[in-house]
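What follows is the content of query.pdb, which has PDB, C-alpha atoms:
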```pdb
ATOM      1  CA  MET L   4      87.921  49.164  63.402  1.00  0.00           C
ATOM      2  CA  GLY L   5      86.255  52.560  63.486  1.00  0.00           C
ATOM      3  CA  ALA L   6      84.568  54.539  60.771  1.00  0.00           C
ATOM      4  CA  ILE L   7      86.681  55.174  57.677  1.00  0.00           C
ATOM      5  CA  LEU L   8      87.792  58.668  56.730  1.00  0.00           C
ATOM      6  CA  PHE L   9      88.196  58.794  52.950  1.00  0.00           C
ATOM      7  CA  PRO L  10      90.416  61.600  51.646  1.00  0.00           C
ATOM      8  CA  ALA L  11      89.191  62.789  48.262  1.00  0.00           C
ATOM      9  CA  ILE L  12      91.004  63.507  45.048  1.00  0.00           C
ATOM     10  CA  ASP L  13      88.812  65.143  42.404  1.00  0.00           C
ATOM     11  CA  LEU L  14      90.417  65.138  38.963  1.00  0.00           C
ATOM     12  CA  LYS L  15      89.969  67.879  36.375  1.00  0.00           C
ATOM     13  CA  GLY L  16      92.382  68.264  33.506  1.00  0.00           C
ATOM     14  CA  GLY L  17      94.817  65.894  35.202  1.00  0.00           C
ATOM     15  CA  GLN L  18      95.000  68.027  38.347  1.00  0.00           C
ATOM     16  CA  CYS L  19      93.645  67.623  41.890  1.00  0.00           C
ATOM     17  CA  VAL L  20      90.904  70.199  42.353  1.00  0.00           C
ATOM     18  CA  ARG L  21      87.972  70.987  44.619  1.00  0.00           C
ATOM     19  CA  LEU L  22      84.708  72.401  43.343  1.00  0.00           C
ATOM     20  CA  VAL L  23      82.013  74.441  45.034  1.00  0.00           C
ATOM     21  CA  LYS L  24      78.611  72.724  44.798  1.00  0.00           C
ATOM     22  CA  GLY L  25      79.810  70.795  41.762  1.00  0.00           C
ATOM     23  CA  GLU L  26      80.337  73.866  39.583  1.00  0.00           C
ATOM     24  CA  MET L  27      83.170  73.097  37.168  1.00  0.00           C
ATOM     25  CA  ASP L  28      83.974  76.798  36.701  1.00  0.00           C
ATOM     26  CA  GLN L  29      84.596  77.129  40.458  1.00  0.00           C
ATOM     27  CA  ALA L  30      87.585  74.803  40.653  1.00  0.00           C
ATOM     28  CA  THR L  31      90.508  75.385  43.009  1.00  0.00           C
ATOM     29  CA  VAL L  32      93.689  73.510  42.075  1.00  0.00           C
ATOM     30  CA  TYR L  33      95.342  71.939  45.119  1.00  0.00           C
ATOM     31  CA  ASN L  34      97.969  69.796  43.441  1.00  0.00           C
ATOM     32  CA  ASP L  35      98.969  69.399  39.805  1.00  0.00           C
ATOM     33  CA  ASP L  36     100.446  65.954  40.553  1.00  0.00           C
ATOM     34  CA  PRO L  37      97.708  63.469  41.569  1.00  0.00           C
ATOM     35  CA  GLY L  38     100.262  60.743  42.172  1.00  0.00           C
ATOM     36  CA  ASP L  39     102.123  62.936  44.632  1.00  0.00           C
ATOM     37  CA  GLN L  40      98.859  63.757  46.431  1.00  0.00           C
ATOM     38  CA  ALA L  41      97.946  60.076  46.703  1.00  0.00           C
ATOM     39  CA  ARG L  42     101.415  59.288  48.057  1.00  0.00           C
ATOM     40  CA  SER L  43     100.993  61.959  50.710  1.00  0.00           C
ATOM     41  CA  PHE L  44      97.662  60.504  51.819  1.00  0.00           C
ATOM     42  CA  ALA L  45      99.148  56.997  51.947  1.00  0.00           C
ATOM     43  CA  GLU L  46     102.086  58.167  54.044  1.00  0.00           C
ATOM     44  CA  THR L  47      99.681  59.903  56.444  1.00  0.00           C
ATOM     45  CA  GLY L  48      98.079  56.548  57.136  1.00  0.00           C
ATOM     46  CA  PHE L  49      94.777  56.611  55.289  1.00  0.00           C
ATOM     47  CA  SER L  50      93.513  53.137  54.384  1.00  0.00           C
ATOM     48  CA  TRP L  51      91.159  54.243  51.598  1.00  0.00           C
ATOM     49  CA  LEU L  52      91.211  56.943  48.916  1.00  0.00           C
ATOM     50  CA  HIS L  53      88.157  58.362  47.148  1.00  0.00           C
ATOM     51  CA  VAL L  54      88.802  59.501  43.561  1.00  0.00           C
ATOM     52  CA  VAL L  55      86.378  61.202  41.170  1.00  0.00           C
ATOM     53  CA  ASP L  56      87.046  61.826  37.479  1.00  0.00           C
ATOM     54  CA  LEU L  57      85.073  65.072  37.168  1.00  0.00           C
ATOM     55  CA  ASP L  58      85.684  65.416  33.431  1.00  0.00           C
ATOM     56  CA  GLY L  59      84.584  61.815  32.995  1.00  0.00           C
ATOM     57  CA  ALA L  60      81.363  62.412  34.911  1.00  0.00           C
ATOM     58  CA  PHE L  61      80.356  65.045  32.367  1.00  0.00           C
ATOM     59  CA  ALA L  62      81.707  63.207  29.320  1.00  0.00           C
ATOM     60  CA  GLY L  63      80.328  59.771  30.206  1.00  0.00           C
ATOM     61  CA  GLU L  64      83.734  58.124  29.794  1.00  0.00           C
ATOM     62  CA  SER L  65      87.162  58.294  31.371  1.00  0.00           C
ATOM     63  CA  ARG L  66      89.027  61.561  30.864  1.00  0.00           C
ATOM     64  CA  ASN L  67      91.751  61.283  33.518  1.00  0.00           C
ATOM     65  CA  GLY L  68      93.014  57.744  33.033  1.00  0.00           C
ATOM     66  CA  GLY L  69      96.663  58.731  33.254  1.00  0.00           C
ATOM     67  CA  ALA L  70      96.099  60.512  36.554  1.00  0.00           C
ATOM     68  CA  VAL L  71      94.250  57.492  37.965  1.00  0.00           C
ATOM     69  CA  ASP L  72      97.128  55.246  36.881  1.00  0.00           C
ATOM     70  CA  ALA L  73      99.558  57.543  38.716  1.00  0.00           C
ATOM     71  CA  ILE L  74      97.362  57.446  41.831  1.00  0.00           C
ATOM     72  CA  LEU L  75      97.250  53.644  41.778  1.00  0.00           C
ATOM     73  CA  ALA L  76     101.024  53.478  41.382  1.00  0.00           C
ATOM     74  CA  SER L  77     101.463  55.745  44.407  1.00  0.00           C
ATOM     75  CA  ALA L  78      98.889  53.861  46.510  1.00  0.00           C
ATOM     76  CA  ASN L  79     100.834  50.684  45.688  1.00  0.00           C
ATOM     77  CA  GLY L  80      98.849  48.457  48.010  1.00  0.00           C
ATOM     78  CA  ARG L  81      99.096  50.851  50.965  1.00  0.00           C
ATOM     79  CA  MET L  82      95.637  52.301  50.301  1.00  0.00           C
ATOM     80  CA  GLN L  83      92.558  50.886  48.684  1.00  0.00           C
ATOM     81  CA  VAL L  84      91.220  53.184  45.969  1.00  0.00           C
ATOM     82  CA  GLN L  85      87.614  53.710  44.908  1.00  0.00           C
ATOM     83  CA  LEU L  86      86.812  55.597  41.698  1.00  0.00           C
ATOM     84  CA  GLY L  87      83.730  57.286  40.317  1.00  0.00           C
ATOM     85  CA  GLY L  88      82.968  59.482  37.324  1.00  0.00           C
ATOM     86  CA  GLY L  89      82.082  58.464  33.791  1.00  0.00           C
ATOM     87  CA  ILE L  90      81.770  54.734  34.416  1.00  0.00           C
ATOM     88  CA  ARG L  91      78.767  53.797  32.327  1.00  0.00           C
ATOM     89  CA  THR L  92      79.293  50.267  30.918  1.00  0.00           C
ATOM     90  CA  LEU L  93      80.343  46.814  32.064  1.00  0.00           C
ATOM     91  CA  ASP L  94      83.402  47.154  29.839  1.00  0.00           C
ATOM     92  CA  HIS L  95      84.363  50.297  31.803  1.00  0.00           C
ATOM     93  CA  VAL L  96      83.856  48.403  35.058  1.00  0.00           C
ATOM     94  CA  GLU L  97      85.940  45.409  34.006  1.00  0.00           C
ATOM     95  CA  ALA L  98      88.750  47.558  32.625  1.00  0.00           C
ATOM     96  CA  TRP L  99      89.058  49.700  35.743  1.00  0.00           C
ATOM     97  CA  LEU L 100      88.881  46.819  38.191  1.00  0.00           C
ATOM     98  CA  GLY L 101      91.555  45.074  36.160  1.00  0.00           C
ATOM     99  CA  LYS L 102      93.886  47.994  36.893  1.00  0.00           C
ATOM    100  CA  GLY L 103      93.734  47.319  40.611  1.00  0.00           C
ATOM    101  CA  LEU L 104      90.975  49.594  41.883  1.00  0.00           C
ATOM    102  CA  ALA L 105      89.302  48.183  44.967  1.00  0.00           C
ATOM    103  CA  ARG L 106      85.879  49.594  44.232  1.00  0.00           C
ATOM    104  CA  LEU L 107      84.012  51.496  41.530  1.00  0.00           C
ATOM    105  CA  ILE L 108      81.244  54.010  42.130  1.00  0.00           C
ATOM    106  CA  LEU L 109      78.342  54.001  39.687  1.00  0.00           C
ATOM    107  CA  GLY L 110      76.163  57.103  39.801  1.00  0.00           C
ATOM    108  CA  THR L 111      74.419  58.251  36.633  1.00  0.00           C
ATOM    109  CA  VAL L 112      74.078  54.684  35.350  1.00  0.00           C
ATOM    110  CA  ALA L 113      72.404  53.703  38.637  1.00  0.00           C
ATOM    111  CA  VAL L 114      69.535  55.994  37.619  1.00  0.00           C
ATOM    112  CA  ARG L 115      69.620  55.296  33.887  1.00  0.00           C
ATOM    113  CA  ASP L 116      70.233  51.528  33.959  1.00  0.00           C
ATOM    114  CA  PRO L 117      69.926  49.986  37.438  1.00  0.00           C
ATOM    115  CA  ALA L 118      69.987  46.499  35.920  1.00  0.00           C
ATOM    116  CA  LEU L 119      73.553  47.120  34.738  1.00  0.00           C
ATOM    117  CA  VAL L 120      74.602  48.091  38.263  1.00  0.00           C
ATOM    118  CA  LYS L 121      73.003  44.957  39.703  1.00  0.00           C
ATOM    119  CA  LYS L 122      74.752  42.801  37.112  1.00  0.00           C
ATOM    120  CA  ALA L 123      78.097  44.436  37.886  1.00  0.00           C
ATOM    121  CA  ALA L 124      77.548  43.825  41.607  1.00  0.00           C
ATOM    122  CA  ARG L 125      76.908  40.146  40.909  1.00  0.00           C
ATOM    123  CA  LEU L 126      79.955  39.807  38.663  1.00  0.00           C
ATOM    124  CA  PHE L 127      82.285  41.698  41.010  1.00  0.00           C
ATOM    125  CA  PRO L 128      81.132  41.041  44.595  1.00  0.00           C
ATOM    126  CA  GLY L 129      82.090  43.711  47.101  1.00  0.00           C
ATOM    127  CA  ARG L 130      83.595  45.977  44.461  1.00  0.00           C
ATOM    128  CA  ILE L 131      80.620  48.020  43.232  1.00  0.00           C
ATOM    129  CA  ALA L 132      79.275  51.042  45.083  1.00  0.00           C
ATOM    130  CA  VAL L 133      76.388  53.312  44.126  1.00  0.00           C
ATOM    131  CA  GLY L 134      76.892  57.063  44.155  1.00  0.00           C
ATOM    132  CA  ILE L 135      73.757  58.986  45.061  1.00  0.00           C
ATOM    133  CA  ASP L 136      74.199  62.715  44.651  1.00  0.00           C
ATOM    134  CA  ALA L 137      71.205  64.735  45.760  1.00  0.00           C
ATOM    135  CA  ARG L 138      70.096  68.336  45.526  1.00  0.00           C
ATOM    136  CA  GLY L 139      67.145  69.059  47.786  1.00  0.00           C
ATOM    137  CA  GLY L 140      66.687  65.316  48.264  1.00  0.00           C
ATOM    138  CA  GLU L 141      66.349  64.682  44.507  1.00  0.00           C
ATOM    139  CA  VAL L 142      68.970  62.689  42.650  1.00  0.00           C
ATOM    140  CA  ALA L 143      71.287  64.562  40.267  1.00  0.00           C
ATOM    141  CA  VAL L 144      73.045  62.906  37.322  1.00  0.00           C
ATOM    142  CA  GLU L 145      75.508  63.643  34.498  1.00  0.00           C
ATOM    143  CA  GLY L 146      78.093  65.262  36.754  1.00  0.00           C
ATOM    144  CA  TRP L 147      75.299  66.966  38.726  1.00  0.00           C
ATOM    145  CA  ALA L 148      74.303  68.916  35.608  1.00  0.00           C
ATOM    146  CA  GLU L 149      70.796  67.419  35.644  1.00  0.00           C
ATOM    147  CA  THR L 150      68.382  66.757  38.486  1.00  0.00           C
ATOM    148  CA  SER L 151      65.979  63.838  38.200  1.00  0.00           C
ATOM    149  CA  ASP L 152      62.595  63.580  39.886  1.00  0.00           C
ATOM    150  CA  MET L 153      63.730  60.543  41.888  1.00  0.00           C
ATOM    151  CA  GLN L 154      64.202  60.725  45.645  1.00  0.00           C
ATOM    152  CA  ALA L 155      67.534  59.513  47.020  1.00  0.00           C
ATOM    153  CA  VAL L 156      65.911  56.961  49.338  1.00  0.00           C
ATOM    154  CA  ASP L 157      63.852  55.483  46.491  1.00  0.00           C
ATOM    155  CA  LEU L 158      66.981  55.017  44.379  1.00  0.00           C
ATOM    156  CA  ALA L 159      68.886  53.422  47.257  1.00  0.00           C
ATOM    157  CA  ARG L 160      66.088  50.943  47.908  1.00  0.00           C
ATOM    158  CA  GLN L 161      66.333  49.668  44.321  1.00  0.00           C
ATOM    159  CA  PHE L 162      69.680  48.115  45.211  1.00  0.00           C
ATOM    160  CA  GLU L 163      68.696  46.271  48.374  1.00  0.00           C
ATOM    161  CA  ASP L 164      69.885  42.653  48.149  1.00  0.00           C
ATOM    162  CA  ALA L 165      71.790  43.413  44.924  1.00  0.00           C
ATOM    163  CA  GLY L 166      75.196  42.900  46.514  1.00  0.00           C
ATOM    164  CA  VAL L 167      76.182  46.574  46.365  1.00  0.00           C
ATOM    165  CA  ALA L 168      79.120  47.211  48.710  1.00  0.00           C
ATOM    166  CA  ALA L 169      78.218  50.760  49.723  1.00  0.00           C
ATOM    167  CA  ILE L 170      76.271  53.887  48.899  1.00  0.00           C
ATOM    168  CA  ILE L 171      78.135  57.183  48.725  1.00  0.00           C
ATOM    169  CA  TYR L 172      75.593  59.875  49.554  1.00  0.00           C
ATOM    170  CA  THR L 173      76.517  63.437  48.619  1.00  0.00           C
ATOM    171  CA  ASP L 174      74.526  66.526  49.485  1.00  0.00           C
ATOM    172  CA  ILE L 175      75.454  68.728  46.531  1.00  0.00           C
ATOM    173  CA  ASP L 176      74.388  71.958  48.211  1.00  0.00           C
ATOM    174  CA  ARG L 177      76.994  71.359  50.912  1.00  0.00           C
ATOM    175  CA  ASP L 178      79.799  70.047  48.723  1.00  0.00           C
ATOM    176  CA  GLY L 179      82.917  72.164  48.862  1.00  0.00           C
ATOM    177  CA  VAL L 180      81.418  74.886  51.061  1.00  0.00           C
ATOM    178  CA  LEU L 181      82.480  73.554  54.480  1.00  0.00           C
ATOM    179  CA  ALA L 182      78.960  73.807  55.869  1.00  0.00           C
ATOM    180  CA  GLY L 183      79.079  70.481  57.676  1.00  0.00           C
ATOM    181  CA  ILE L 184      77.664  67.152  56.547  1.00  0.00           C
ATOM    182  CA  ASN L 185      73.896  66.834  56.225  1.00  0.00           C
ATOM    183  CA  TRP L 186      73.750  64.320  59.046  1.00  0.00           C
ATOM    184  CA  ASP L 187      69.953  64.141  59.237  1.00  0.00           C
ATOM    185  CA  ALA L 188      69.515  63.153  55.594  1.00  0.00           C
ATOM    186  CA  THR L 189      72.548  60.851  55.571  1.00  0.00           C
ATOM    187  CA  ILE L 190      71.556  58.953  58.696  1.00  0.00           C
ATOM    188  CA  ALA L 191      67.931  58.740  57.508  1.00  0.00           C
ATOM    189  CA  LEU L 192      69.160  57.135  54.293  1.00  0.00           C
ATOM    190  CA  ALA L 193      71.355  54.690  56.227  1.00  0.00           C
ATOM    191  CA  GLU L 194      68.373  53.700  58.371  1.00  0.00           C
ATOM    192  CA  ALA L 195      66.202  53.148  55.299  1.00  0.00           C
ATOM    193  CA  VAL L 196      68.471  50.535  53.690  1.00  0.00           C
ATOM    194  CA  SER L 197      70.738  47.710  54.805  1.00  0.00           C
ATOM    195  CA  ILE L 198      73.568  48.834  52.509  1.00  0.00           C
ATOM    196  CA  PRO L 199      76.442  50.660  54.274  1.00  0.00           C
ATOM    197  CA  VAL L 200      76.343  54.417  53.598  1.00  0.00           C
ATOM    198  CA  ILE L 201      79.303  56.779  53.259  1.00  0.00           C
ATOM    199  CA  ALA L 202      78.674  60.460  54.007  1.00  0.00           C
ATOM    200  CA  SER L 203      79.940  63.009  51.516  1.00  0.00           C
ATOM    201  CA  GLY L 204      79.658  66.740  50.988  1.00  0.00           C
ATOM    202  CA  GLY L 205      80.434  69.500  53.440  1.00  0.00           C
ATOM    203  CA  LEU L 206      82.685  67.839  56.026  1.00  0.00           C
ATOM    204  CA  ALA L 207      84.121  70.933  57.649  1.00  0.00           C
ATOM    205  CA  SER L 208      85.953  70.323  60.902  1.00  0.00           C
ATOM    206  CA  MET L 209      86.834  67.953  63.704  1.00  0.00           C
ATOM    207  CA  ALA L 210      83.266  68.464  64.952  1.00  0.00           C
ATOM    208  CA  ASP L 211      82.111  66.392  61.962  1.00  0.00           C
ATOM    209  CA  ILE L 212      84.626  63.678  62.838  1.00  0.00           C
ATOM    210  CA  GLU L 213      83.294  63.615  66.390  1.00  0.00           C
ATOM    211  CA  ARG L 214      79.725  63.530  65.054  1.00  0.00           C
ATOM    212  CA  LEU L 215      80.632  60.480  62.983  1.00  0.00           C
ATOM    213  CA  MET L 216      81.410  58.658  66.220  1.00  0.00           C
ATOM    214  CA  GLN L 217      77.969  59.183  67.770  1.00  0.00           C
ATOM    215  CA  PRO L 218      75.752  56.085  68.216  1.00  0.00           C
ATOM    216  CA  ASP L 219      73.171  57.105  65.586  1.00  0.00           C
ATOM    217  CA  ALA L 220      75.957  57.353  62.999  1.00  0.00           C
ATOM    218  CA  ALA L 221      77.317  53.899  63.819  1.00  0.00           C
ATOM    219  CA  LYS L 222      75.751  52.378  60.707  1.00  0.00           C
ATOM    220  CA  LEU L 223      77.733  54.678  58.437  1.00  0.00           C
ATOM    221  CA  GLU L 224      80.828  53.140  56.893  1.00  0.00           C
ATOM    222  CA  GLY L 225      82.563  56.488  57.078  1.00  0.00           C
ATOM    223  CA  ALA L 226      82.820  59.937  55.542  1.00  0.00           C
ATOM    224  CA  ILE L 227      84.660  61.622  52.689  1.00  0.00           C
ATOM    225  CA  SER L 228      86.733  64.753  53.218  1.00  0.00           C
ATOM    226  CA  GLY L 229      88.141  67.028  50.569  1.00  0.00           C
ATOM    227  CA  ARG L 230      88.556  70.742  51.136  1.00  0.00           C
ATOM    228  CA  ALA L 231      88.756  70.471  54.945  1.00  0.00           C
ATOM    229  CA  LEU L 232      91.809  68.212  54.638  1.00  0.00           C
ATOM    230  CA  TYR L 233      93.475  70.312  51.951  1.00  0.00           C
ATOM    231  CA  ASP L 234      92.893  73.544  53.879  1.00  0.00           C
ATOM    232  CA  GLY L 235      94.128  72.059  57.142  1.00  0.00           C
ATOM    233  CA  ARG L 236      90.791  72.454  58.921  1.00  0.00           C
ATOM    234  CA  ILE L 237      91.135  68.798  59.897  1.00  0.00           C
ATOM    235  CA  ASP L 238      94.329  67.358  61.333  1.00  0.00           C
ATOM    236  CA  ALA L 239      94.550  64.052  59.490  1.00  0.00           C
ATOM    237  CA  ALA L 240      96.581  62.202  62.110  1.00  0.00           C
ATOM    238  CA  GLU L 241      94.299  63.400  64.904  1.00  0.00           C
ATOM    239  CA  ALA L 242      91.192  62.423  62.950  1.00  0.00           C
ATOM    240  CA  LEU L 243      92.502  58.942  62.168  1.00  0.00           C
ATOM    241  CA  ALA L 244      93.503  58.380  65.788  1.00  0.00           C
ATOM    242  CA  LEU L 245      90.107  59.575  67.014  1.00  0.00           C
ATOM    243  CA  LEU L 246      88.293  57.209  64.648  1.00  0.00           C
ATOM    244  CA  GLY L 247      90.490  54.316  65.667  1.00  0.00           C
ATOM    245  CA  THR L 248      91.531  53.559  62.103  1.00  0.00           C
ATOM    246  CA  VAL L 249      95.239  53.622  62.917  1.00  0.00           C
ATOM    247  CA  ALA L 250      97.237  51.960  65.690  1.00  0.00           C
TER
END
```
So, in terms of structure tokens, how does the structure I just supplied come out?
Amino acid sequence: MGAILFPAIDLKGGQCVRLVKGEMDQATVYNDDPGDQARSFAETGFSWLHVVDLDGAFAGESRNGGAVDAILASANGRMQVQLGGGIRTLDHVEAWLGKGLARLILGTVAVRDPALVKKAARLFPGRIAVGIDARGGEVAVEGWAETSDMQAVDLARQFEDAGVAAIIYTDIDRDGVLAGINWDATIALAEAVSIPVIASGGLASMADIERLMQPDAAKLEGAISGRALYDGRIDAAEALALLGTVA
């Protein structure tokens, strides 16, 4: 099994959108039917789907529950779905996992209350990931609206041996601008911890897919792609075949 390519669905107002550097007022709508988009990804052959409730990330609670339900119905066991955005309590975690999500991504709460994340990882083994979104190497929270003074590597190290399934590392300055993944920072983070790391932010072309296959990137679990898939800059079938994630 090769590295995983995670197609991304970002939800805003019940629609599939892409942002530029996390700016909510720079949203491009790609599909007004999230369930239809998820079905398309499943039929293409993706094994995982990455979903973010953007409204929820700002609000601190779910804002696109109906859209997530539609996505899960479309995935229907063909894809595993991971969700982030606005998940702040153990009740949120339990409720979402009960709906059939494979994995939840905890971001802001990982900074604000790391003990809660560690407890969730113990209660739900293999189903809790930590989202680390960084601007200039410093962790951003609350839907990227605030930047903390914590370094991404320092936050990641807090969860060593906590049972966290993965870390999703996003370089905010590259997100949505097709500038290419920040491979240096992502690989450095992966080398600093034993937790599998997923690259996010800026995946632009097949060159990034090929870069994911290089030996120094072998520790990465995979990478997330949004705009490049929607704009056709990446041929999904070709990428999946190259990564060896389909027969």
Check your understanding: Out of L:Ala41, L:Leu246, L:Leu206, L:Ala132, which residue has the shortest atom-to-atom distance to Ile170 (chain L) when counting all atoms listed in the file?
Key ->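 Result for the nearest residue to Ile170 (chain L): L:Ala132.
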**Study point:** Residues matched by the PyMOL selection byres ((chain L and resi 103-105) around 8), written as a ChimeraX atom specification
**Key:** /L:75,83-86,99-102,106-107,130
Residues of region 170-228 of chain L that approach region 44-66 of chain L to 12 Å or less, counting all atoms listed in the file: could you list each one with the shortest pair of atoms and its distance in Å to one decimal, rows by chain and increasing residue number, as a Markdown table?
```
| residue | atom | partner | partner_atom | distance |
| --- | --- | --- | --- | --- |
| L:Ile171 | CA | L:His53 | CA | 10.2 |
| L:Ile201 | CA | L:His53 | CA | 10.9 |
| L:Ala202 | CA | L:His53 | CA | 11.9 |
| L:Ser203 | CA | L:His53 | CA | 10.4 |
| L:Glu224 | CA | L:Trp51 | CA | 11.7 |
| L:Gly225 | CA | L:Trp51 | CA | 10.4 |
| L:Ala226 | CA | L:His53 | CA | 10.1 |
| L:Ile227 | CA | L:His53 | CA | 7.3 |
| L:Ser228 | CA | L:His53 | CA | 8.9 |
```
Would you write out those residues with C-alpha atoms, as a compact mmCIF listing (two decimals), in the frame of the given file?
```txt
# COMPACT_ATOMS: atom_id res chain seq x y z
CA ILE L 171 78.14 57.18 48.72
CA ILE L 201 79.30 56.78 53.26
CA ALA L 202 78.67 60.46 54.01
CA SER L 203 79.94 63.01 51.52
CA GLU L 224 80.83 53.14 56.89
CA GLY L 225 82.56 56.49 57.08
CA ALA L 226 82.82 59.94 55.54
CA ILE L 227 84.66 61.62 52.69
CA SER L 228 86.73 64.75 53.22
```
Review point. In Å, how far is it from CA of Leu8 (chain L) to CA of Ala220 (chain L)?
Key: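 Separating CA of Leu8 (chain L) from CA of Ala220 (chain L) is a distance of 13.5 Å.
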Exercise for review: Tell me which of L:Pro10, L:Gly17, L:Gly235, L:Gly183 sits closest to Ser43 (chain L), counting all atoms listed in the file.
Suggested key: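 Ranked by minimum distance to Ser43 (chain L), first place goes to L:Pro10.
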Exercise for review: Write out as a list in words each polymer residue whose atoms come within 9 Å of Gly38 (chain L), counting all atoms listed in the file; drop sequence neighbours fewer than 6 positions from it.
Suggested key: Ala70, Val71, Asp72, Ala73, Ile74, Leu75, Ala76, Ser77 and Ala78 of chain L
